[in-house]
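Peer 1: Take this structure, written in structure tokens, and hold onto it; I'll ask about it next.
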Amino acid sequence: GAVVSQHPSRVICKSGTSVKIECRSLDFQATTMFWYRQFPKKSLMLMATSNEGSKATYEQGVEKDKFLINHASLTLSTLTVTSAHPEDSSFYICSANTGPTRYEQYFGPGTRLTVT
Amino acid sequence: EDQVTQSPEALRLQEGESSSLNCSYTVSGLRGLFWYRQDPGKGPEFLFTLYSAGEEKEKERLKATLTKKESFLHITAPKPEDSATYLCAGTDYGQNFVFGPGTRLSVLP
């Protein structure tokens with residue numbers, strides 16, 4: 001149980017275009033989902049927390065107009081990187097927890113974004 | 001400020017050589033301490049949750065323990081397939097996860 005999927009696993013896009021990454025909880029309903037960014041050989045950096053049906057809460061320093069998050073249902077959250085630039089190239093990972101009293105997060109497999 | 005540190009940064013073991021990884025935390029009102037395994041190019045895989053000092057959890061060759069200030073991940077008789085980065089994280093109320101930098105474990109055959 002507690003499986004989280006992400007799509008796509010890899011994406012290459014040109015500078016100035018937008019890219020959408022999907023995160024789905026496959027066997028549970030996720031009221032809260034999280035988006036992380038990870039640089040090579042570094043730990044995870046939380047970008048934002050999204051709750052179903054409400055606006056995402058962004059961490060300090062994360063541009064909300066650049067990284068659009070939509071948590072439209074209890075099983076789907078999307079991250080859209082708008083007007084991507086090479087410095088946005090990174091490994092993006094989503095996670096979800098299984099309920100309000102269960103704190104452990106289950107992570108998706110990640111999406112490798114390369115902006116050329 | 002809530003903080004999680006891990007040591008060592010990297011660890012090389014021979015197959016069968018048991019050892020421990022350390023996670024020290026300063027998370028006020030800690031509600032949970034978590035261990036994850038991450039393989040290169042993949043998302044972290046959940047291993048354990050520890051909620052209170054004195055608690056222990058085991059899974060195959062891994063055992064996690066928790067005190068009031070730190071957690072240990074003990075690896076008994078490791079195999080090469082245990083090679084990965086091990087991350088620990090603490091939370092104070094379930095949404096604020098603070099991750100440590102990780103320990104890169106290499107187990108040589």
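Just so we're on the same page: first chain in the structure tokens is A, next is B, and so on; residues restart at 1 for each chain, and ligands are numbered from 1 in the order they show up.
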Per residue of segment 8-94 of chain A within 10 Å of segment 43-62 of chain B, which atom pair is closest and at what distance in Å (one decimal), using only C-alpha atoms, listed by chain and increasing number, as a Markdown table?

Peer 2:
| residue | atom | partner | partner_atom | distance |
| --- | --- | --- | --- | --- |
| A:Gln38 | CA | B:Gly43 | CA | 9.8 |
| A:Leu44 | CA | B:Pro44 | CA | 9.5 |
| A:Phe91 | CA | B:Gly43 | CA | 9.4 |
| A:Tyr92 | CA | B:Gly43 | CA | 9.1 |
| A:Ile93 | CA | B:Gly43 | CA | 6.5 |
| A:Cys94 | CA | B:Gly43 | CA | 8.4 |

Peer 1: Find the residues near Val4 of chain B: any atom within 9 Å, counting only C-alpha atoms, skip ones fewer than 2 places away on the same chain, and give them as a list in words.

Peer 2: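 Once the adjacent positions are removed, what remains is Asp2, Gln6, Cys23, Ser24, Tyr25, Thr26, Val27, Cys88, Ala89, Gly90, Val98, Phe99, Gly100 and Pro101 of chain B.
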
Peer 1: Using only C-alpha atoms, please write the residues we just selected to a file, as a PDB file, in the first residue's frame.

Peer 2:
ATOM      1  CA  ASP B   2      14.582  22.799  13.816  1.00  0.00           C
ATOM      2  CA  GLN B   6      23.473  12.886  10.115  1.00  0.00           C
ATOM      3  CA  CYS B  23      20.739  11.025  13.163  1.00  0.00           C
ATOM      4  CA  SER B  24      20.726  13.893  15.645  1.00  0.00           C
ATOM      5  CA  TYR B  25      17.759  16.220  15.808  1.00  0.00           C
ATOM      6  CA  THR B  26      16.700  19.433  17.432  1.00  0.00           C
ATOM      7  CA  VAL B  27      13.025  19.441  16.538  1.00  0.00           C
ATOM      8  CA  CYS B  88      16.334  10.670   8.353  1.00  0.00           C
ATOM      9  CA  ALA B  89      13.701  13.324   8.936  1.00  0.00           C
ATOM     10  CA  GLY B  90      11.832  14.764  11.871  1.00  0.00           C
ATOM     11  CA  VAL B  98      13.035  18.498   8.274  1.00  0.00           C
ATOM     12  CA  PHE B  99      15.412  16.198   6.409  1.00  0.00           C
ATOM     13  CA  GLY B 100      18.989  15.470   7.292  1.00  0.00           C
ATOM     14  CA  PRO B 101      21.686  15.559   4.592  1.00  0.00           C
TER      15      PRO B 101
END

Peer 1: Enter the distance from atom CA of Leu33 of chain B to atom CA of Thr91 of chain B, in Å, rounded to one decimal.

Peer 2: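 Atom-to-atom, atom CA of Leu33 of chain B and atom CA of Thr91 of chain B are spaced 6.7 Å apart.
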
Peer 1: Got a sec: who's within 10 Å of Thr57 of chain A, counting only C-alpha atoms, leaving out chain neighbours fewer than 6 positions off, as a VMD selection string?

Peer 2: chain A and resid 34 47 to 51 64 69

Peer 1: Output the selection as a short mmCIF file (atom, residue, chain, number, x, y, z; two decimals), in the first residue's frame - C-alpha atoms for each residue.

Peer 2:
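Output (part.cif):
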data_model
loop_
_atom_site.label_atom_id
_atom_site.label_comp_id
_atom_site.auth_asym_id
_atom_site.auth_seq_id
_atom_site.Cartn_x
_atom_site.Cartn_y
_atom_site.Cartn_z
CA PHE A 34 4.34 17.79 -0.86
CA MET A 47 9.18 23.59 -2.16
CA ALA A 48 5.52 23.60 -1.18
CA THR A 49 2.74 21.82 0.63
CA SER A 50 -0.58 21.41 -1.09
CA ASN A 51 -3.90 20.54 0.46
CA LYS A 64 4.76 30.71 -6.53
CA ILE A 69 0.78 23.76 -7.85
#

Peer 1: List every residue of chain A that has an atom at most 8 Å from any atom of chain B, giving for each one its closest atom pair and the distance in Å to one decimal, counting only C-alpha atoms, sorted by chain and then by ascending residue number, as a Markdown table.

Peer 2:
| residue | atom | partner | partner_atom | distance |
| --- | --- | --- | --- | --- |
| A:Lys42 | CA | B:Pro101 | CA | 6.5 |
| A:Ser43 | CA | B:Pro101 | CA | 4.9 |
| A:Leu44 | CA | B:Phe99 | CA | 6.8 |
| A:Thr49 | CA | B:Gln95 | CA | 7.7 |
| A:Ile93 | CA | B:Gly43 | CA | 6.5 |
| A:Pro100 | CA | B:Gly94 | CA | 8.0 |
| A:Thr101 | CA | B:Gly94 | CA | 8.0 |
| A:Arg102 | CA | B:Gly94 | CA | 7.6 |
| A:Tyr103 | CA | B:Gly94 | CA | 4.8 |
| A:Glu104 | CA | B:Thr49 | CA | 6.8 |
| A:Gln105 | CA | B:Phe46 | CA | 7.5 |
| A:Tyr106 | CA | B:Phe46 | CA | 6.4 |
| A:Phe107 | CA | B:Gly43 | CA | 5.8 |
| A:Gly108 | CA | B:Gly43 | CA | 5.6 |
| A:Pro109 | CA | B:Gly43 | CA | 4.3 |
| A:Gly110 | CA | B:Gly43 | CA | 5.3 |

Peer 1: Please produce a file of those selected residues containing N, CA and C atoms, as a PDB file, in the first residue's frame.

Peer 2:
ATOM      1  N   LYS A  42      22.599  16.059  -2.830  1.00  0.00           N
ATOM      2  CA  LYS A  42      22.082  16.900  -1.752  1.00  0.00           C
ATOM      3  C   LYS A  42      20.781  16.308  -1.226  1.00  0.00           C
ATOM      4  N   SER A  43      20.370  16.788  -0.069  1.00  0.00           N
ATOM      5  CA  SER A  43      19.126  16.286   0.488  1.00  0.00           C
ATOM      6  C   SER A  43      17.935  16.975  -0.155  1.00  0.00           C
ATOM      7  N   LEU A  44      16.768  16.594   0.280  1.00  0.00           N
ATOM      8  CA  LEU A  44      15.545  17.124  -0.308  1.00  0.00           C
ATOM      9  C   LEU A  44      15.240  18.519   0.228  1.00  0.00           C
ATOM     10  N   THR A  49       3.695  22.793   0.095  1.00  0.00           N
ATOM     11  CA  THR A  49       2.744  21.823   0.633  1.00  0.00           C
ATOM     12  C   THR A  49       1.393  22.147   0.041  1.00  0.00           C
ATOM     13  N   ILE A  93      10.509  15.746  -6.773  1.00  0.00           N
ATOM     14  CA  ILE A  93       9.883  14.581  -6.151  1.00  0.00           C
ATOM     15  C   ILE A  93       8.645  15.025  -5.375  1.00  0.00           C
ATOM     16  N   PRO A 100      -4.542  12.343   8.317  1.00  0.00           N
ATOM     17  CA  PRO A 100      -4.202  13.434   9.238  1.00  0.00           C
ATOM     18  C   PRO A 100      -3.454  12.992  10.486  1.00  0.00           C
ATOM     19  N   THR A 101      -3.542  11.703  10.834  1.00  0.00           N
ATOM     20  CA  THR A 101      -2.821  11.254  12.030  1.00  0.00           C
ATOM     21  C   THR A 101      -1.628  10.382  11.676  1.00  0.00           C
ATOM     22  N   ARG A 102      -1.375  10.232  10.360  1.00  0.00           N
ATOM     23  CA  ARG A 102      -0.220   9.457   9.920  1.00  0.00           C
ATOM     24  C   ARG A 102       0.788  10.429   9.325  1.00  0.00           C
ATOM     25  N   TYR A 103       1.922  10.564   9.955  1.00  0.00           N
ATOM     26  CA  TYR A 103       2.852  11.607   9.552  1.00  0.00           C
ATOM     27  C   TYR A 103       3.852  11.171   8.493  1.00  0.00           C
ATOM     28  N   GLU A 104       4.092   9.859   8.346  1.00  0.00           N
ATOM     29  CA  GLU A 104       5.118   9.459   7.391  1.00  0.00           C
ATOM     30  C   GLU A 104       4.672   9.819   5.979  1.00  0.00           C
ATOM     31  N   GLN A 105       5.650  10.266   5.186  1.00  0.00           N
ATOM     32  CA  GLN A 105       5.374  10.626   3.804  1.00  0.00           C
ATOM     33  C   GLN A 105       5.855   9.501   2.893  1.00  0.00           C
ATOM     34  N   TYR A 106       5.062   9.247   1.867  1.00  0.00           N
ATOM     35  CA  TYR A 106       5.425   8.260   0.858  1.00  0.00           C
ATOM     36  C   TYR A 106       5.750   9.020  -0.423  1.00  0.00           C
ATOM     37  N   PHE A 107       6.883   8.688  -0.987  1.00  0.00           N
ATOM     38  CA  PHE A 107       7.412   9.466  -2.097  1.00  0.00           C
ATOM     39  C   PHE A 107       7.176   8.805  -3.447  1.00  0.00           C
ATOM     40  N   GLY A 108       7.025   9.657  -4.446  1.00  0.00           N
ATOM     41  CA  GLY A 108       6.993   9.184  -5.814  1.00  0.00           C
ATOM     42  C   GLY A 108       8.401   8.895  -6.297  1.00  0.00           C
ATOM     43  N   PRO A 109       8.526   8.375  -7.504  1.00  0.00           N
ATOM     44  CA  PRO A 109       9.837   8.004  -8.042  1.00  0.00           C
ATOM     45  C   PRO A 109      10.659   9.183  -8.543  1.00  0.00           C
ATOM     46  N   GLY A 110      10.036  10.360  -8.623  1.00  0.00           N
ATOM     47  CA  GLY A 110      10.782  11.529  -9.049  1.00  0.00           C
ATOM     48  C   GLY A 110      10.679  11.801 -10.546  1.00  0.00           C
TER      49      GLY A 110
END

Peer 1: Rounded to one decimal, what separation in Å do you get between atom CA of Ala30 of chain A and atom CA of Leu74 of chain A?

Peer 2: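 Computed distance, atom CA of Ala30 of chain A to atom CA of Leu74 of chain A, equals 5.1 Å.
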
Peer 1: Neighbours of Lys79 of chain B within 12 Å (only C-alpha atoms; same-chain residues fewer than 4 positions away dropped), as number ranges by chain?

Peer 2: B: 12-18, 60-62, 75, 83-84, 105-109

Peer 1: Next, write the just-selected residues to a file, as a short mmCIF file (atom, residue, chain, number, x, y, z; two decimals), in the first residue's frame, keeping C-alpha atoms as the atom set.

Peer 2:
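Saved file out.cif follows:
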data_model
loop_
_atom_site.label_atom_id
_atom_site.label_comp_id
_atom_site.auth_asym_id
_atom_site.auth_seq_id
_atom_site.Cartn_x
_atom_site.Cartn_y
_atom_site.Cartn_z
CA ARG B 12 32.12 2.16 3.31
CA LEU B 13 31.65 -1.30 4.77
CA GLN B 14 32.72 -4.74 3.79
CA GLU B 15 29.92 -7.21 3.26
CA GLY B 16 28.99 -8.62 6.66
CA GLU B 17 30.55 -5.73 8.60
CA SER B 18 27.86 -4.35 10.91
CA GLU B 60 15.42 -7.47 7.76
CA ARG B 61 19.00 -6.32 8.44
CA LEU B 62 17.95 -2.87 9.64
CA ILE B 75 22.79 -2.38 9.88
CA SER B 83 24.19 0.33 -0.62
CA ALA B 84 22.15 3.54 -0.82
CA LEU B 105 26.46 3.82 2.44
CA SER B 106 28.58 1.61 0.23
CA VAL B 107 28.79 -2.10 0.99
CA LEU B 108 31.61 -3.81 -0.82
CA PRO B 109 31.44 -7.51 -1.72
#

Peer 1: Hey, what's within 12 Å of Ser77 of chain A if we count only C-alpha atoms and toss same-chain stuff fewer than 5 positions away? As a ChimeraX atom specification, please?

Peer 2: /A:4-7,20-25,29-35,48-56,68-72,93-96,108

Peer 1: Tell me, which residues of chain A carry DSSP strand (DSSP E), written as number ranges by chain?

Peer 2: A: 4-7, 10-13, 19-25, 32-38, 44-51, 57-58, 67-73, 76-81, 90-99, 102-107, 111-115

Peer 1: Please produce a file of the residues just selected, as a PDB file, in the first residue's frame, where the atoms kept are C-alpha atoms.

Peer 2:
ATOM      1  CA  VAL A   4       2.738   7.291  -5.206  1.00  0.00           C
ATOM      2  CA  SER A   5       3.409   7.680  -8.902  1.00  0.00           C
ATOM      3  CA  GLN A   6       4.844  10.547 -10.917  1.00  0.00           C
ATOM      4  CA  HIS A   7       4.665  11.324 -14.583  1.00  0.00           C
ATOM      5  CA  ARG A  10      12.104  12.367 -17.396  1.00  0.00           C
ATOM      6  CA  VAL A  11      11.416  15.462 -19.450  1.00  0.00           C
ATOM      7  CA  ILE A  12      13.564  17.699 -21.591  1.00  0.00           C
ATOM      8  CA  CYS A  13      12.182  21.067 -22.591  1.00  0.00           C
ATOM      9  CA  VAL A  19       6.296  21.750 -18.098  1.00  0.00           C
ATOM     10  CA  LYS A  20       3.662  19.944 -16.047  1.00  0.00           C
ATOM     11  CA  ILE A  21       4.501  17.119 -13.639  1.00  0.00           C
ATOM     12  CA  GLU A  22       1.753  14.910 -12.231  1.00  0.00           C
ATOM     13  CA  CYS A  23       1.765  13.202  -8.851  1.00  0.00           C
ATOM     14  CA  ARG A  24      -0.834  10.576  -8.037  1.00  0.00           C
ATOM     15  CA  SER A  25      -1.601   8.541  -4.944  1.00  0.00           C
ATOM     16  CA  THR A  32      -1.872  16.672   1.721  1.00  0.00           C
ATOM     17  CA  MET A  33       0.855  16.369  -0.889  1.00  0.00           C
ATOM     18  CA  PHE A  34       4.339  17.795  -0.864  1.00  0.00           C
ATOM     19  CA  TRP A  35       6.713  18.863  -3.612  1.00  0.00           C
ATOM     20  CA  TYR A  36      10.465  18.654  -3.177  1.00  0.00           C
ATOM     21  CA  ARG A  37      13.448  19.552  -5.262  1.00  0.00           C
ATOM     22  CA  GLN A  38      16.743  17.706  -4.992  1.00  0.00           C
ATOM     23  CA  LEU A  44      15.545  17.124  -0.308  1.00  0.00           C
ATOM     24  CA  MET A  45      14.406  20.731  -0.289  1.00  0.00           C
ATOM     25  CA  LEU A  46      10.714  21.260   0.387  1.00  0.00           C
ATOM     26  CA  MET A  47       9.177  23.588  -2.162  1.00  0.00           C
ATOM     27  CA  ALA A  48       5.519  23.603  -1.184  1.00  0.00           C
ATOM     28  CA  THR A  49       2.744  21.823   0.633  1.00  0.00           C
ATOM     29  CA  SER A  50      -0.581  21.413  -1.087  1.00  0.00           C
ATOM     30  CA  ASN A  51      -3.901  20.545   0.456  1.00  0.00           C
ATOM     31  CA  THR A  57       1.736  26.878   0.849  1.00  0.00           C
ATOM     32  CA  TYR A  58       5.139  27.739  -0.551  1.00  0.00           C
ATOM     33  CA  PHE A  67       6.073  26.819  -9.721  1.00  0.00           C
ATOM     34  CA  LEU A  68       2.301  26.472 -10.004  1.00  0.00           C
ATOM     35  CA  ILE A  69       0.778  23.762  -7.853  1.00  0.00           C
ATOM     36  CA  ASN A  70      -2.740  22.448  -8.223  1.00  0.00           C
ATOM     37  CA  HIS A  71      -4.185  19.818  -5.887  1.00  0.00           C
ATOM     38  CA  ALA A  72      -7.505  19.318  -7.623  1.00  0.00           C
ATOM     39  CA  SER A  73      -8.470  15.957  -6.160  1.00  0.00           C
ATOM     40  CA  LEU A  76      -3.763  14.128  -7.904  1.00  0.00           C
ATOM     41  CA  SER A  77      -1.454  17.085  -7.519  1.00  0.00           C
ATOM     42  CA  THR A  78       0.352  18.813 -10.354  1.00  0.00           C
ATOM     43  CA  LEU A  79       3.436  20.992 -10.470  1.00  0.00           C
ATOM     44  CA  THR A  80       3.829  23.267 -13.473  1.00  0.00           C
ATOM     45  CA  VAL A  81       7.191  24.889 -14.044  1.00  0.00           C
ATOM     46  CA  SER A  90      16.620  19.433 -11.261  1.00  0.00           C
ATOM     47  CA  PHE A  91      15.076  16.299  -9.771  1.00  0.00           C
ATOM     48  CA  TYR A  92      11.539  16.983  -8.578  1.00  0.00           C
ATOM     49  CA  ILE A  93       9.883  14.581  -6.151  1.00  0.00           C
ATOM     50  CA  CYS A  94       6.375  14.563  -4.736  1.00  0.00           C
ATOM     51  CA  SER A  95       5.126  12.849  -1.611  1.00  0.00           C
ATOM     52  CA  ALA A  96       1.913  12.321   0.297  1.00  0.00           C
ATOM     53  CA  ASN A  97       0.832  11.131   3.682  1.00  0.00           C
ATOM     54  CA  THR A  98      -2.006   8.734   4.167  1.00  0.00           C
ATOM     55  CA  GLY A  99      -4.062  10.619   6.701  1.00  0.00           C
ATOM     56  CA  ARG A 102      -0.220   9.457   9.920  1.00  0.00           C
ATOM     57  CA  TYR A 103       2.852  11.607   9.552  1.00  0.00           C
ATOM     58  CA  GLU A 104       5.118   9.459   7.391  1.00  0.00           C
ATOM     59  CA  GLN A 105       5.374  10.626   3.804  1.00  0.00           C
ATOM     60  CA  TYR A 106       5.425   8.260   0.858  1.00  0.00           C
ATOM     61  CA  PHE A 107       7.412   9.466  -2.097  1.00  0.00           C
ATOM     62  CA  THR A 111      10.930  13.496 -12.301  1.00  0.00           C
ATOM     63  CA  ARG A 112      14.203  14.546 -13.879  1.00  0.00           C
ATOM     64  CA  LEU A 113      13.718  17.913 -15.604  1.00  0.00           C
ATOM     65  CA  THR A 114      16.331  19.170 -18.034  1.00  0.00           C
ATOM     66  CA  VAL A 115      15.882  22.628 -19.561  1.00  0.00           C
TER      67      VAL A 115
END

Peer 1: Go ahead and compute the interatomic distance for atom CA of Lys66 of chain A and atom CA of Val3 of chain A, in Å to one decimal.

Peer 2: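 According to the coordinates, atom CA of Lys66 of chain A and atom CA of Val3 of chain A are separated by 27.7 Å.
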